[in-house]
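Trainee: Sharing coords.cif, mmCIF, C-alpha atoms and all ligand atoms:
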data_entry
#
loop_
_atom_site.group_PDB
_atom_site.id
_atom_site.type_symbol
_atom_site.label_atom_id
_atom_site.label_comp_id
_atom_site.auth_asym_id
_atom_site.auth_seq_id
_atom_site.Cartn_x
_atom_site.Cartn_y
_atom_site.Cartn_z
ATOM 1 C CA MET R 21 58.141 22.663 -5.590
ATOM 2 C CA SER R 22 60.170 23.498 -2.527
ATOM 3 C CA ALA R 23 61.114 20.776 -0.079
ATOM 4 C CA THR R 24 60.459 20.626 3.649
ATOM 5 C CA ILE R 25 63.821 21.071 5.377
ATOM 6 C CA ILE R 26 64.023 18.324 8.008
ATOM 7 C CA ASP R 27 65.365 19.979 11.168
ATOM 8 C CA GLY R 28 67.575 17.289 12.698
ATOM 9 C CA LYS R 29 68.950 19.696 15.270
ATOM 10 C CA ALA R 30 65.450 20.364 16.632
ATOM 11 C CA TYR R 31 64.446 16.667 16.463
ATOM 12 C CA ALA R 32 67.628 15.672 18.326
ATOM 13 C CA ALA R 33 66.994 18.330 20.996
ATOM 14 C CA GLY R 34 63.452 16.998 21.458
ATOM 15 C CA LEU R 35 64.708 13.420 21.687
ATOM 16 C CA ARG R 36 67.288 14.445 24.312
ATOM 17 C CA THR R 37 64.559 16.235 26.302
ATOM 18 C CA ARG R 38 62.379 13.091 26.299
ATOM 19 C CA ILE R 39 65.400 10.987 27.300
ATOM 20 C CA ALA R 40 66.201 13.416 30.143
ATOM 21 C CA GLU R 41 62.597 13.143 31.404
ATOM 22 C CA ALA R 42 62.839 9.344 31.373
ATOM 23 C CA VAL R 43 66.213 9.438 33.133
ATOM 24 C CA SER R 44 64.894 11.710 35.880
ATOM 25 C CA GLY R 45 62.001 9.261 36.385
ATOM 26 C CA PHE R 46 64.497 6.410 36.808
ATOM 27 C CA ALA R 47 66.670 8.523 39.129
ATOM 28 C CA ARG R 48 63.759 8.627 41.599
ATOM 29 C CA GLN R 49 64.000 4.811 41.677
ATOM 30 C CA GLY R 50 67.780 5.009 42.198
ATOM 31 C CA VAL R 51 68.632 4.024 38.608
ATOM 32 C CA VAL R 52 71.235 6.140 36.772
ATOM 33 C CA PRO R 53 72.182 4.919 33.267
ATOM 34 C CA GLY R 54 75.923 5.090 32.581
ATOM 35 C CA LEU R 55 77.814 5.413 29.300
ATOM 36 C CA ALA R 56 81.539 4.682 28.952
ATOM 37 C CA VAL R 57 83.315 6.224 25.974
ATOM 38 C CA VAL R 58 86.824 5.100 25.084
ATOM 39 C CA LEU R 59 89.098 7.226 22.887
ATOM 40 C CA VAL R 60 92.476 5.906 21.795
ATOM 41 C CA GLY R 61 94.858 8.509 20.361
ATOM 42 C CA GLU R 62 94.519 12.169 19.454
ATOM 43 C CA ASP R 63 92.490 12.332 16.225
ATOM 44 C CA PRO R 64 91.059 15.892 16.448
ATOM 45 C CA ALA R 65 87.647 15.010 14.972
ATOM 46 C CA SER R 66 87.306 12.072 17.393
ATOM 47 C CA GLN R 67 88.301 14.312 20.331
ATOM 48 C CA ILE R 68 85.468 16.716 19.444
ATOM 49 C CA TYR R 69 82.935 13.841 19.119
ATOM 50 C CA VAL R 70 83.989 12.357 22.450
ATOM 51 C CA ARG R 71 83.799 15.718 24.236
ATOM 52 C CA ASN R 72 80.301 16.319 22.815
ATOM 53 C CA LYS R 73 79.186 12.806 23.804
ATOM 54 C CA ALA R 74 80.377 13.289 27.388
ATOM 55 C CA ARG R 75 78.684 16.706 27.696
ATOM 56 C CA GLN R 76 75.355 15.540 26.249
ATOM 57 C CA THR R 77 75.419 12.361 28.376
ATOM 58 C CA MET R 78 75.653 14.459 31.529
ATOM 59 C CA GLU R 79 73.060 16.952 30.257
ATOM 60 C CA VAL R 80 70.412 14.196 30.106
ATOM 61 C CA GLY R 81 71.316 13.118 33.648
ATOM 62 C CA MET R 82 73.297 9.969 32.836
ATOM 63 C CA SER R 83 76.743 9.090 34.221
ATOM 64 C CA SER R 84 79.594 9.588 31.762
ATOM 65 C CA PHE R 85 82.792 7.585 32.072
ATOM 66 C CA GLU R 86 85.513 8.862 29.762
ATOM 67 C CA HIS R 87 88.671 6.833 29.081
ATOM 68 C CA VAL R 88 91.343 8.560 27.006
ATOM 69 C CA LEU R 89 94.286 6.312 26.145
ATOM 70 C CA PRO R 90 97.517 7.178 24.289
ATOM 71 C CA ALA R 91 97.855 6.377 20.570
ATOM 72 C CA SER R 92 100.525 3.797 21.490
ATOM 73 C CA THR R 93 98.036 1.703 23.523
ATOM 74 C CA SER R 94 98.329 -2.032 22.809
ATOM 75 C CA GLU R 95 95.421 -4.176 21.676
ATOM 76 C CA ALA R 96 95.778 -6.233 24.860
ATOM 77 C CA ALA R 97 95.507 -3.121 27.046
ATOM 78 C CA LEU R 98 92.360 -1.950 25.235
ATOM 79 C CA LEU R 99 90.809 -5.433 25.456
ATOM 80 C CA GLY R 100 91.624 -5.343 29.194
ATOM 81 C CA LEU R 101 89.746 -2.057 29.613
ATOM 82 C CA VAL R 102 86.753 -3.394 27.642
ATOM 83 C CA ALA R 103 86.666 -6.457 29.931
ATOM 84 C CA LYS R 104 86.641 -4.165 32.989
ATOM 85 C CA LEU R 105 83.794 -2.068 31.545
ATOM 86 C CA ASN R 106 81.841 -5.230 30.639
ATOM 87 C CA ALA R 107 82.046 -6.253 34.311
ATOM 88 C CA ASP R 108 81.277 -2.800 35.783
ATOM 89 C CA PRO R 109 77.630 -2.661 36.950
ATOM 90 C CA ALA R 110 77.582 1.172 36.713
ATOM 91 C CA VAL R 111 78.290 0.967 32.969
ATOM 92 C CA ASP R 112 75.226 0.290 30.791
ATOM 93 C CA GLY R 113 76.716 1.284 27.448
ATOM 94 C CA ILE R 114 80.230 1.035 26.001
ATOM 95 C CA LEU R 115 81.414 2.957 22.957
ATOM 96 C CA VAL R 116 84.944 2.601 21.613
ATOM 97 C CA GLN R 117 85.507 5.505 19.253
ATOM 98 C CA LEU R 118 86.565 4.504 15.741
ATOM 99 C CA PRO R 119 88.905 4.625 13.914
ATOM 100 C CA LEU R 120 91.479 2.912 16.150
ATOM 101 C CA PRO R 121 95.278 3.091 15.706
ATOM 102 C CA LYS R 122 96.822 0.590 13.272
ATOM 103 C CA GLN R 123 98.215 -1.786 15.908
ATOM 104 C CA ILE R 124 94.677 -2.521 17.166
ATOM 105 C CA ASP R 125 92.272 -4.852 15.346
ATOM 106 C CA ALA R 126 88.989 -2.912 15.551
ATOM 107 C CA GLN R 127 86.854 -5.979 14.797
ATOM 108 C CA LYS R 128 88.425 -7.855 17.713
ATOM 109 C CA VAL R 129 87.594 -4.945 20.033
ATOM 110 C CA ILE R 130 84.014 -4.680 18.740
ATOM 111 C CA GLU R 131 83.517 -8.410 19.338
ATOM 112 C CA ALA R 132 84.944 -8.113 22.870
ATOM 113 C CA ILE R 133 82.192 -5.692 23.953
ATOM 114 C CA ASP R 134 79.301 -7.359 25.822
ATOM 115 C CA PRO R 135 76.457 -7.305 23.225
ATOM 116 C CA ALA R 136 74.121 -6.162 26.039
ATOM 117 C CA LYS R 137 76.285 -3.001 26.407
ATOM 118 C CA ASP R 138 76.998 -2.482 22.688
ATOM 119 C CA VAL R 139 75.153 0.819 22.273
ATOM 120 C CA ASP R 140 76.899 1.368 18.911
ATOM 121 C CA GLY R 141 75.156 -1.749 17.561
ATOM 122 C CA PHE R 142 78.395 -2.853 15.863
ATOM 123 C CA HIS R 143 78.734 -6.293 17.511
ATOM 124 C CA PRO R 144 77.855 -9.132 15.094
ATOM 125 C CA ILE R 145 75.173 -10.268 17.571
ATOM 126 C CA ASN R 146 73.386 -6.919 17.271
ATOM 127 C CA ALA R 147 73.973 -6.708 13.505
ATOM 128 C CA GLY R 148 72.452 -10.195 13.250
ATOM 129 C CA LYS R 149 69.489 -9.243 15.436
ATOM 130 C CA LEU R 150 68.778 -6.265 13.174
ATOM 131 C CA MET R 151 68.981 -8.536 10.132
ATOM 132 C CA THR R 152 66.603 -11.101 11.612
ATOM 133 C CA GLY R 153 64.139 -8.580 13.070
ATOM 134 C CA VAL R 154 64.924 -9.365 16.713
ATOM 135 C CA PRO R 155 65.112 -6.425 19.193
ATOM 136 C CA GLY R 156 68.712 -5.347 19.831
ATOM 137 C CA PHE R 157 70.892 -2.277 19.430
ATOM 138 C CA VAL R 158 70.722 -0.423 16.116
ATOM 139 C CA SER R 159 73.696 1.730 15.026
ATOM 140 C CA CYS R 160 73.093 5.340 15.961
ATOM 141 C CA THR R 161 73.420 7.111 12.609
ATOM 142 C CA PRO R 162 71.046 4.845 10.635
ATOM 143 C CA LEU R 163 68.591 4.877 13.542
ATOM 144 C CA GLY R 164 68.687 8.690 13.479
ATOM 145 C CA CYS R 165 68.112 8.652 9.711
ATOM 146 C CA LEU R 166 65.041 6.419 10.081
ATOM 147 C CA LEU R 167 63.580 8.640 12.813
ATOM 148 C CA LEU R 168 64.017 11.665 10.515
ATOM 149 C CA VAL R 169 62.323 9.862 7.602
ATOM 150 C CA GLN R 170 59.455 8.912 9.923
ATOM 151 C CA SER R 171 59.190 12.511 11.141
ATOM 152 C CA VAL R 172 57.858 13.408 7.681
ATOM 153 C CA ARG R 173 56.199 10.099 6.747
ATOM 154 C CA ARG R 174 55.163 7.408 9.224
ATOM 155 C CA GLU R 175 54.045 4.660 6.827
ATOM 156 C CA LEU R 176 56.886 3.536 4.566
ATOM 157 C CA ALA R 177 55.592 0.131 3.387
ATOM 158 C CA GLY R 178 56.019 -0.472 -0.323
ATOM 159 C CA LEU R 179 58.198 2.567 -0.970
ATOM 160 C CA ASP R 180 61.356 2.222 -3.063
ATOM 161 C CA ALA R 181 64.420 3.115 -0.976
ATOM 162 C CA VAL R 182 67.947 3.518 -2.275
ATOM 163 C CA VAL R 183 70.892 3.606 0.127
ATOM 164 C CA VAL R 184 74.092 4.881 -1.463
ATOM 165 C CA GLY R 185 76.986 3.422 0.550
ATOM 166 C CA ARG R 186 77.527 -0.053 2.004
ATOM 167 C CA SER R 187 79.523 0.577 5.203
ATOM 168 C CA ASN R 188 78.897 -1.538 8.293
ATOM 169 C CA ILE R 189 78.309 1.669 10.300
ATOM 170 C CA VAL R 190 75.684 3.300 8.052
ATOM 171 C CA GLY R 191 74.799 1.753 4.676
ATOM 172 C CA LYS R 192 74.167 -1.869 5.617
ATOM 173 C CA PRO R 193 72.206 -1.250 8.853
ATOM 174 C CA MET R 194 70.253 1.543 7.095
ATOM 175 C CA ALA R 195 69.190 -0.928 4.402
ATOM 176 C CA GLN R 196 68.108 -3.449 7.046
ATOM 177 C CA LEU R 197 66.076 -0.832 8.921
ATOM 178 C CA LEU R 198 64.257 0.129 5.718
ATOM 179 C CA VAL R 199 63.581 -3.536 4.863
ATOM 180 C CA GLY R 200 62.154 -3.754 8.400
ATOM 181 C CA GLN R 201 59.743 -0.967 7.409
ATOM 182 C CA SER R 202 58.697 -2.998 4.334
ATOM 183 C CA CYS R 203 60.481 -0.786 1.824
ATOM 184 C CA THR R 204 61.936 -2.259 -1.367
ATOM 185 C CA VAL R 205 65.607 -1.500 -0.791
ATOM 186 C CA THR R 206 68.534 -1.150 -3.184
ATOM 187 C CA VAL R 207 72.050 -0.759 -1.760
ATOM 188 C CA ALA R 208 74.156 1.156 -4.271
ATOM 189 C CA HIS R 209 77.917 1.692 -4.003
ATOM 190 C CA SER R 210 81.055 2.700 -5.890
ATOM 191 C CA ARG R 211 80.700 -0.195 -8.382
ATOM 192 C CA THR R 212 76.997 0.395 -9.115
ATOM 193 C CA ARG R 213 76.263 0.925 -12.816
ATOM 194 C CA ASP R 214 74.349 4.085 -13.758
ATOM 195 C CA LEU R 215 74.009 5.373 -10.214
ATOM 196 C CA PRO R 216 71.949 8.454 -11.227
ATOM 197 C CA GLU R 217 69.335 6.178 -12.809
ATOM 198 C CA VAL R 218 69.232 3.925 -9.725
ATOM 199 C CA CYS R 219 68.785 6.972 -7.461
ATOM 200 C CA ARG R 220 65.953 8.321 -9.634
ATOM 201 C CA ARG R 221 63.863 5.276 -8.621
ATOM 202 C CA ALA R 222 64.044 6.202 -4.930
ATOM 203 C CA ASP R 223 61.066 7.429 -2.924
ATOM 204 C CA ILE R 224 63.568 7.502 -0.037
ATOM 205 C CA LEU R 225 67.195 8.271 -0.908
ATOM 206 C CA VAL R 226 69.900 7.942 1.760
ATOM 207 C CA ALA R 227 73.360 9.166 0.718
ATOM 208 C CA ALA R 228 76.252 7.934 2.866
ATOM 209 C CA VAL R 229 79.347 7.917 0.693
ATOM 210 C CA GLY R 230 81.549 10.780 1.916
ATOM 211 C CA ARG R 231 81.822 12.496 -1.480
ATOM 212 C CA PRO R 232 80.935 16.195 -1.444
ATOM 213 C CA GLU R 233 77.718 17.034 -3.345
ATOM 214 C CA MET R 234 77.940 13.891 -5.489
ATOM 215 C CA VAL R 235 74.154 13.420 -5.673
ATOM 216 C CA ARG R 236 72.766 16.028 -8.083
ATOM 217 C CA GLY R 237 69.274 17.452 -8.396
ATOM 218 C CA ASP R 238 68.513 15.433 -11.549
ATOM 219 C CA TRP R 239 69.231 12.192 -9.630
ATOM 220 C CA ILE R 240 66.216 12.837 -7.399
ATOM 221 C CA LYS R 241 62.706 11.563 -8.073
ATOM 222 C CA PRO R 242 60.188 14.427 -7.721
ATOM 223 C CA GLY R 243 58.672 14.233 -4.239
ATOM 224 C CA ALA R 244 61.390 11.960 -2.766
ATOM 225 C CA ILE R 245 62.572 12.103 0.844
ATOM 226 C CA VAL R 246 66.336 12.745 0.805
ATOM 227 C CA ILE R 247 68.564 11.956 3.792
ATOM 228 C CA ASP R 248 72.130 13.247 3.556
ATOM 229 C CA VAL R 249 74.583 11.510 5.895
ATOM 230 C CA GLY R 250 77.693 13.138 4.387
ATOM 231 C CA ILE R 251 79.878 15.504 6.391
ATOM 232 C CA ASN R 252 82.552 16.786 3.991
ATOM 233 C CA ARG R 253 84.831 19.754 4.634
ATOM 234 C CA VAL R 254 85.585 21.610 1.399
ATOM 235 C CA PRO R 255 87.343 24.881 0.489
ATOM 236 C CA ASN R 256 85.094 27.963 0.606
ATOM 237 C CA PRO R 257 87.016 30.711 -1.205
ATOM 238 C CA ALA R 258 83.900 32.934 -1.235
ATOM 239 C CA ALA R 259 84.332 33.336 2.551
ATOM 240 C CA GLY R 260 87.999 34.262 2.180
ATOM 241 C CA GLU R 261 91.414 32.772 1.532
ATOM 242 C CA GLY R 262 91.915 29.385 3.206
ATOM 243 C CA LYS R 263 88.335 29.226 4.557
ATOM 244 C CA THR R 264 86.363 25.969 4.494
ATOM 245 C CA LYS R 265 82.748 24.890 4.876
ATOM 246 C CA VAL R 266 80.918 21.618 5.541
ATOM 247 C CA VAL R 267 78.748 20.135 2.778
ATOM 248 C CA GLY R 268 76.876 16.855 2.468
ATOM 249 C CA ASP R 269 76.910 14.122 -0.166
ATOM 250 C CA VAL R 270 73.918 15.815 -1.853
ATOM 251 C CA ALA R 271 73.935 19.075 -3.838
ATOM 252 C CA PHE R 272 71.440 20.646 -1.438
ATOM 253 C CA ALA R 273 69.917 23.550 -3.403
ATOM 254 C CA GLU R 274 69.419 21.446 -6.541
ATOM 255 C CA ALA R 275 67.930 18.534 -4.612
ATOM 256 C CA ALA R 276 65.682 20.759 -2.475
ATOM 257 C CA SER R 277 63.936 22.029 -5.605
ATOM 258 C CA VAL R 278 62.912 18.450 -6.548
ATOM 259 C CA ALA R 279 62.486 16.535 -3.250
ATOM 260 C CA SER R 280 59.481 16.724 -0.910
ATOM 261 C CA ALA R 281 61.735 16.696 2.169
ATOM 262 C CA ILE R 282 65.493 16.866 2.690
ATOM 263 C CA THR R 283 67.985 17.002 5.554
ATOM 264 C CA PRO R 284 70.442 19.920 5.525
ATOM 265 C CA VAL R 285 74.169 19.654 6.272
ATOM 266 C CA PRO R 286 74.975 20.714 8.907
ATOM 267 C CA GLY R 287 71.896 20.426 11.125
ATOM 268 C CA GLY R 288 70.314 17.295 9.658
ATOM 269 C CA VAL R 289 71.552 13.781 10.441
ATOM 270 C CA GLY R 290 74.646 14.921 12.400
ATOM 271 C CA PRO R 291 72.927 15.949 15.652
ATOM 272 C CA MET R 292 70.842 12.756 15.624
ATOM 273 C CA THR R 293 73.815 10.425 16.092
ATOM 274 C CA ILE R 294 74.645 11.378 19.696
ATOM 275 C CA ALA R 295 70.943 11.699 20.594
ATOM 276 C CA CYS R 296 70.451 8.107 19.378
ATOM 277 C CA LEU R 297 73.503 6.981 21.347
ATOM 278 C CA LEU R 298 71.842 8.330 24.504
ATOM 279 C CA ARG R 299 68.604 6.641 23.451
ATOM 280 C CA ASN R 300 70.463 3.333 23.075
ATOM 281 C CA THR R 301 72.116 3.816 26.474
ATOM 282 C CA LEU R 302 68.669 4.294 28.001
ATOM 283 C CA GLN R 303 67.563 1.092 26.227
ATOM 284 C CA ALA R 304 70.614 -0.772 27.604
ATOM 285 C CA ALA R 305 69.875 0.463 31.123
ATOM 286 C CA CYS R 306 66.247 -0.678 30.819
ATOM 287 C CA VAL R 307 66.983 -4.104 29.325
ATOM 288 C CA ARG R 308 69.737 -4.843 31.870
ATOM 289 C CA ARG R 309 67.372 -4.035 34.749
ATOM 290 C CA GLY R 310 64.204 -5.579 33.313
ATOM 291 C CA LEU R 311 62.522 -2.157 33.024
ATOM 292 C CA GLU R 312 60.244 -1.099 30.197
ATOM 293 C CA MET R 313 61.841 1.263 27.637
ATOM 294 C CA PRO R 314 59.990 4.599 27.785
ATOM 295 C CA PRO R 315 58.565 5.770 24.420
ATOM 296 C CA VAL R 316 61.152 8.479 23.696
ATOM 297 C CA ASP R 317 61.469 8.154 19.908
ATOM 298 C CA MET R 318 58.460 10.110 18.734
ATOM 299 C CA ALA R 319 57.258 13.521 19.736
ATOM 300 C CA ARG R 320 53.952 13.235 21.558
ATOM 301 C CA GLY R 321 50.746 14.953 20.637
HETATM 302 N N1 LIG R 401 83.379 7.049 14.572
HETATM 303 C C1 LIG R 401 82.559 7.757 13.752
HETATM 304 N N2 LIG R 401 81.260 7.467 14.015
HETATM 305 C C2 LIG R 401 81.266 6.574 15.018
HETATM 306 C C3 LIG R 401 80.233 5.921 15.742
HETATM 307 O O1 LIG R 401 79.026 6.079 15.501
HETATM 308 N N3 LIG R 401 80.645 5.083 16.725
HETATM 309 C C4 LIG R 401 81.964 4.872 17.004
HETATM 310 N N4 LIG R 401 82.274 4.022 17.977
HETATM 311 N N5 LIG R 401 82.945 5.459 16.363
HETATM 312 C C5 LIG R 401 82.599 6.321 15.374
#
What do you get writing this file as structure tokens?
Mentor:
Amino acid sequence: MSATIIDGKAYAAGLRTRIAEAVSGFARQGVVPGLAVVLVGEDPASQIYVRNKARQTMEVGMSSFEHVLPASTSEAALLGLVAKLNADPAVDGILVQLPLPKQIDAQKVIEAIDPAKDVDGFHPINAGKLMTGVPGFVSCTPLGCLLLVQSVRRELAGLDAVVVGRSNIVGKPMAQLLVGQSCTVTVAHSRTRDLPEVCRRADILVAAVGRPEMVRGDWIKPGAIVIDVGINRVPNPAAGEGKTKVVGDVAFAEAASVASAITPVPGGVGPMTIACLLRNTLQAACVRRGLEMPPVDMARG
């Protein structure tokens, strides 16, 4: 058996196109959704993310407000900026890039963001809404993962799902989303006993642990849908001295020979995160103005 390779890059491009169409419809009514992204410090990976977010925000026709603050910024100064963005009517969504420097309590900052503008879905109000099945903002990476699962299988009720990883950003919200789809969900983590055996029960396996190629082919149930959230840079001596490559948390070739569908790394979950951020910003703009959210999630036809 050879798995379907789930093309996250293409899905994300389609999602952005549908968002852009919706945004141009709103523009005719004088509504322009706005996203503020705050970066504190000079972490190179975060700088790349923030640049990509700003570019893609503008490409779909939204306003992008970028705030780059020095690594020495105080917690009080950042909380002051968040308060200003909360009060700014042109700002529909606020994202404070994580991680934050040591002197800043990230949880305090997350809780300072107006839940109605929390397009990351990290505020306890939105986490609680997800848990209780009330509409709110869902974290972008798990939302992207669910959309990719549903791109190959719409009805998930009764399936066994295993999420490897219990972070607040991915693992926990992913588990809640799958419970919301009536899956039977196991959250596995570093202390789980016999992880390979637990994974072998999964009709849907989501790996979000940050350990290169940890999930092997013989951990996969034949016919499973495998979603690989990992982005791990590892040495690639075959390409030359000092060269590196990006691999996921799943040993791709092994898993692809057992699964029915699998996301590649790169080009799977990664591109979905920013597309879902734009989707959430559109949702924020709609909710704040009492407009109906256009159906952008699924390809038509
Ligand atoms: N750092 C890595 N991923 C994310 C994300 O989805 N949101 C924020 N705010 N920071 C991140």
Trainee: Taking (72.7, 15.3, -6.8) in the file's coordinates as the center, which residues reach within 8 Å of it, counting all atoms listed in the file, put as a list in words?
Mentor: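 Output: Glu233, Met234, Val235, Arg236, Gly237, Asp238, Trp239, Ile240, Asp269, Val270, Ala271, Phe272, Glu274 and Ala275 of chain R.
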Trainee: Could you tell me which residues the PyMOL selection byres (((chain R and resi 165-180) around 6) and not hetatm) grabs in this file, written as a PyMOL selection string?
Mentor: chain R and resi 162-164+181+201-204+222-223
Trainee: With distances taken over all atoms listed in the file, which residue among R:Leu115, R:Val246, R:Ala91, R:Val102 lies nearest ligand LIG 401 (chain R)?
Mentor: R:Leu115
Trainee: Applied to the shown file, which residues does the PyMOL selection byres (((not hetatm)) within 7 of (chain R and resi 401)) return, written as a PyMOL selection string?
Mentor: chain R and resi 66+115-119+140+159-161+189+293
Trainee: Scan for residues within 12 Å of the point (73.6, 12.4, 32.4) in the coordinates of the file, using all atoms listed in the file, and reply as a PDB file with C-alpha atoms, in the coordinates of the input.
Mentor:
ATOM      1  CA  ARG R  36      67.288  14.445  24.312  1.00  0.00           C
ATOM      2  CA  THR R  37      64.559  16.235  26.302  1.00  0.00           C
ATOM      3  CA  ILE R  39      65.400  10.987  27.300  1.00  0.00           C
ATOM      4  CA  ALA R  40      66.201  13.416  30.143  1.00  0.00           C
ATOM      5  CA  GLU R  41      62.597  13.143  31.404  1.00  0.00           C
ATOM      6  CA  ALA R  42      62.839   9.344  31.373  1.00  0.00           C
ATOM      7  CA  VAL R  43      66.213   9.438  33.133  1.00  0.00           C
ATOM      8  CA  SER R  44      64.894  11.710  35.880  1.00  0.00           C
ATOM      9  CA  PHE R  46      64.497   6.410  36.808  1.00  0.00           C
ATOM     10  CA  ALA R  47      66.670   8.523  39.129  1.00  0.00           C
ATOM     11  CA  VAL R  51      68.632   4.024  38.608  1.00  0.00           C
ATOM     12  CA  VAL R  52      71.235   6.140  36.772  1.00  0.00           C
ATOM     13  CA  PRO R  53      72.182   4.919  33.267  1.00  0.00           C
ATOM     14  CA  GLY R  54      75.923   5.090  32.581  1.00  0.00           C
ATOM     15  CA  LEU R  55      77.814   5.413  29.300  1.00  0.00           C
ATOM     16  CA  ALA R  56      81.539   4.682  28.952  1.00  0.00           C
ATOM     17  CA  LYS R  73      79.186  12.806  23.804  1.00  0.00           C
ATOM     18  CA  ALA R  74      80.377  13.289  27.388  1.00  0.00           C
ATOM     19  CA  ARG R  75      78.684  16.706  27.696  1.00  0.00           C
ATOM     20  CA  GLN R  76      75.355  15.540  26.249  1.00  0.00           C
ATOM     21  CA  THR R  77      75.419  12.361  28.376  1.00  0.00           C
ATOM     22  CA  MET R  78      75.653  14.459  31.529  1.00  0.00           C
ATOM     23  CA  GLU R  79      73.060  16.952  30.257  1.00  0.00           C
ATOM     24  CA  VAL R  80      70.412  14.196  30.106  1.00  0.00           C
ATOM     25  CA  GLY R  81      71.316  13.118  33.648  1.00  0.00           C
ATOM     26  CA  MET R  82      73.297   9.969  32.836  1.00  0.00           C
ATOM     27  CA  SER R  83      76.743   9.090  34.221  1.00  0.00           C
ATOM     28  CA  SER R  84      79.594   9.588  31.762  1.00  0.00           C
ATOM     29  CA  PHE R  85      82.792   7.585  32.072  1.00  0.00           C
ATOM     30  CA  LEU R 298      71.842   8.330  24.504  1.00  0.00           C
ATOM     31  CA  ARG R 299      68.604   6.641  23.451  1.00  0.00           C
ATOM     32  CA  THR R 301      72.116   3.816  26.474  1.00  0.00           C
ATOM     33  CA  LEU R 302      68.669   4.294  28.001  1.00  0.00           C
TER      34      LEU R 302
END
Trainee: Any chance you could resolve the PyMOL selection byres (((chain R and resi 106) around 12) and not hetatm) against this file and give the residues as a list in words?
Mentor: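 In the shown coordinates, the PyMOL selection byres (((chain R and resi 106) around 12) and not hetatm) covers Leu55, Ala56, Leu99, Gly100, Leu101, Val102, Ala103, Lys104, Leu105, Ala107, Asp108, Pro109, Ala110, Val111, Asp112, Gly113, Ile114, Leu115, Glu131, Ala132, Ile133, Asp134, Pro135, Ala136, Lys137 and Asp138 of chain R.
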Trainee: Which residue out of R:Gly288, R:Asn300, R:Ala281, R:Val249 has the minimum interatomic distance to Pro314 (chain R) when only C-alpha atoms are used?
Mentor: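 Residue with the minimum atom-to-atom distance to Pro314 (chain R): R:Asn300.
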Trainee: What does the distance from CA of Met194 (chain R) to CA of Gly156 (chain R) come to in Å, to one decimal?
Mentor: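 Between CA of Met194 (chain R) and CA of Gly156 (chain R) the gap works out to 14.6 Å.
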Trainee: Report, in Å with one decimal, the straight-line distance from CA of Val88 (chain R) to CA of Val129 (chain R).
Mentor: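 CA of Val129 (chain R) lies at a distance of 15.7 Å from CA of Val88 (chain R).
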Trainee: Give me, as a list in words, all polymer residues having an atom no more than 8 Å from Gln196 (chain R), counting all atoms listed in the file and skipping those fewer than 4 positions away in the same chain.
Mentor: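 Contacts, in chain order: Leu150, Met151, Lys192 and Gly200 of chain R.
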Trainee: Provide the CA of Arg213 (chain R) to CA of Leu225 (chain R) distance in Å, to one decimal place.
Mentor: 16.7 Å
Trainee: Using only C-alpha atoms, which of R:Val158, R:Leu311, R:Ala228, R:Val278 sits nearest Arg186 (chain R)?
Mentor: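 When distances to Arg186 (chain R) are compared using only C-alpha atoms, the smallest one comes from R:Ala228.
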Trainee: Quick one: 6 Å padding each side, axis-aligned, all listed atoms of region 264-268 of chain R - centre and edge lengths in Å to one decimal, as JSON?
Mentor:
{"center_x": 81.6, "center_y": 21.4, "center_z": 4.0, "size_x": 21.5, "size_y": 21.1, "size_z": 15.1}
Trainee: From the list R:Leu89, R:Val139, R:Val199, R:Leu215, which residue is nearest Leu297 (chain R) when using all atoms listed in the file?
Mentor: R:Val139
Trainee: Point out the residue among R:Pro284, R:Pro144, R:Pro232, R:Gly243 with the least atom-to-atom distance to Phe157 (chain R), counting only C-alpha atoms.
Mentor: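 Nearest candidate to Phe157 (chain R) out of R:Pro284, R:Pro144, R:Pro232, R:Gly243: R:Pro144.
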Trainee: Hey, what's within 8 Å of region 259-267 of chain R if we count only C-alpha atoms and toss same-chain stuff fewer than 4 positions away? As number ranges by chain, please?
Mentor: R: 232-233, 250-255, 285-286
Trainee: Write out, as a compact mmCIF listing (two decimals), keeping the file's coordinate frame, the residues just selected, with C-alpha atoms.
Mentor:
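Once everything was written out, this is part_16.txt:
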# COMPACT_ATOMS: atom_id res chain seq x y z
CA PRO R 232 80.94 16.20 -1.44
CA GLU R 233 77.72 17.03 -3.34
CA GLY R 250 77.69 13.14 4.39
CA ILE R 251 79.88 15.50 6.39
CA ASN R 252 82.55 16.79 3.99
CA ARG R 253 84.83 19.75 4.63
CA VAL R 254 85.58 21.61 1.40
CA PRO R 255 87.34 24.88 0.49
CA VAL R 285 74.17 19.65 6.27
CA PRO R 286 74.97 20.71 8.91
Trainee: Would you mind telling me which residue in R:Lys128, R:His209, R:Lys241, R:Arg309 lies nearest to Ala279 (chain R) when using all atoms listed in the file?
Mentor: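 Among the listed residues, the smallest separation from Ala279 (chain R) belongs to R:Lys241.
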Trainee: Starting from the incomplete input, reconstruct N, CA and C atoms of region 261-265 of chain R and write that as a CSV table (one decimal), in the frame of the given file.
Mentor:
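Below you can see selection.csv, which holds the result:
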chain,number,residue,atom,x,y,z
R,261,GLU,N,90.3,33.6,1.8
R,261,GLU,CA,91.4,32.8,1.5
R,261,GLU,C,91.6,31.7,2.6
R,262,GLY,N,91.7,30.5,2.2
R,262,GLY,CA,91.9,29.4,3.2
R,262,GLY,C,90.7,29.0,4.0
R,263,LYS,N,89.5,29.6,3.8
R,263,LYS,CA,88.3,29.2,4.6
R,263,LYS,C,87.7,27.9,4.0
R,264,THR,N,87.0,27.2,4.9
R,264,THR,CA,86.4,26.0,4.5
R,264,THR,C,84.9,26.0,5.0
R,265,LYS,N,84.1,25.1,4.4
R,265,LYS,CA,82.7,24.9,4.9
R,265,LYS,C,82.4,23.4,4.8
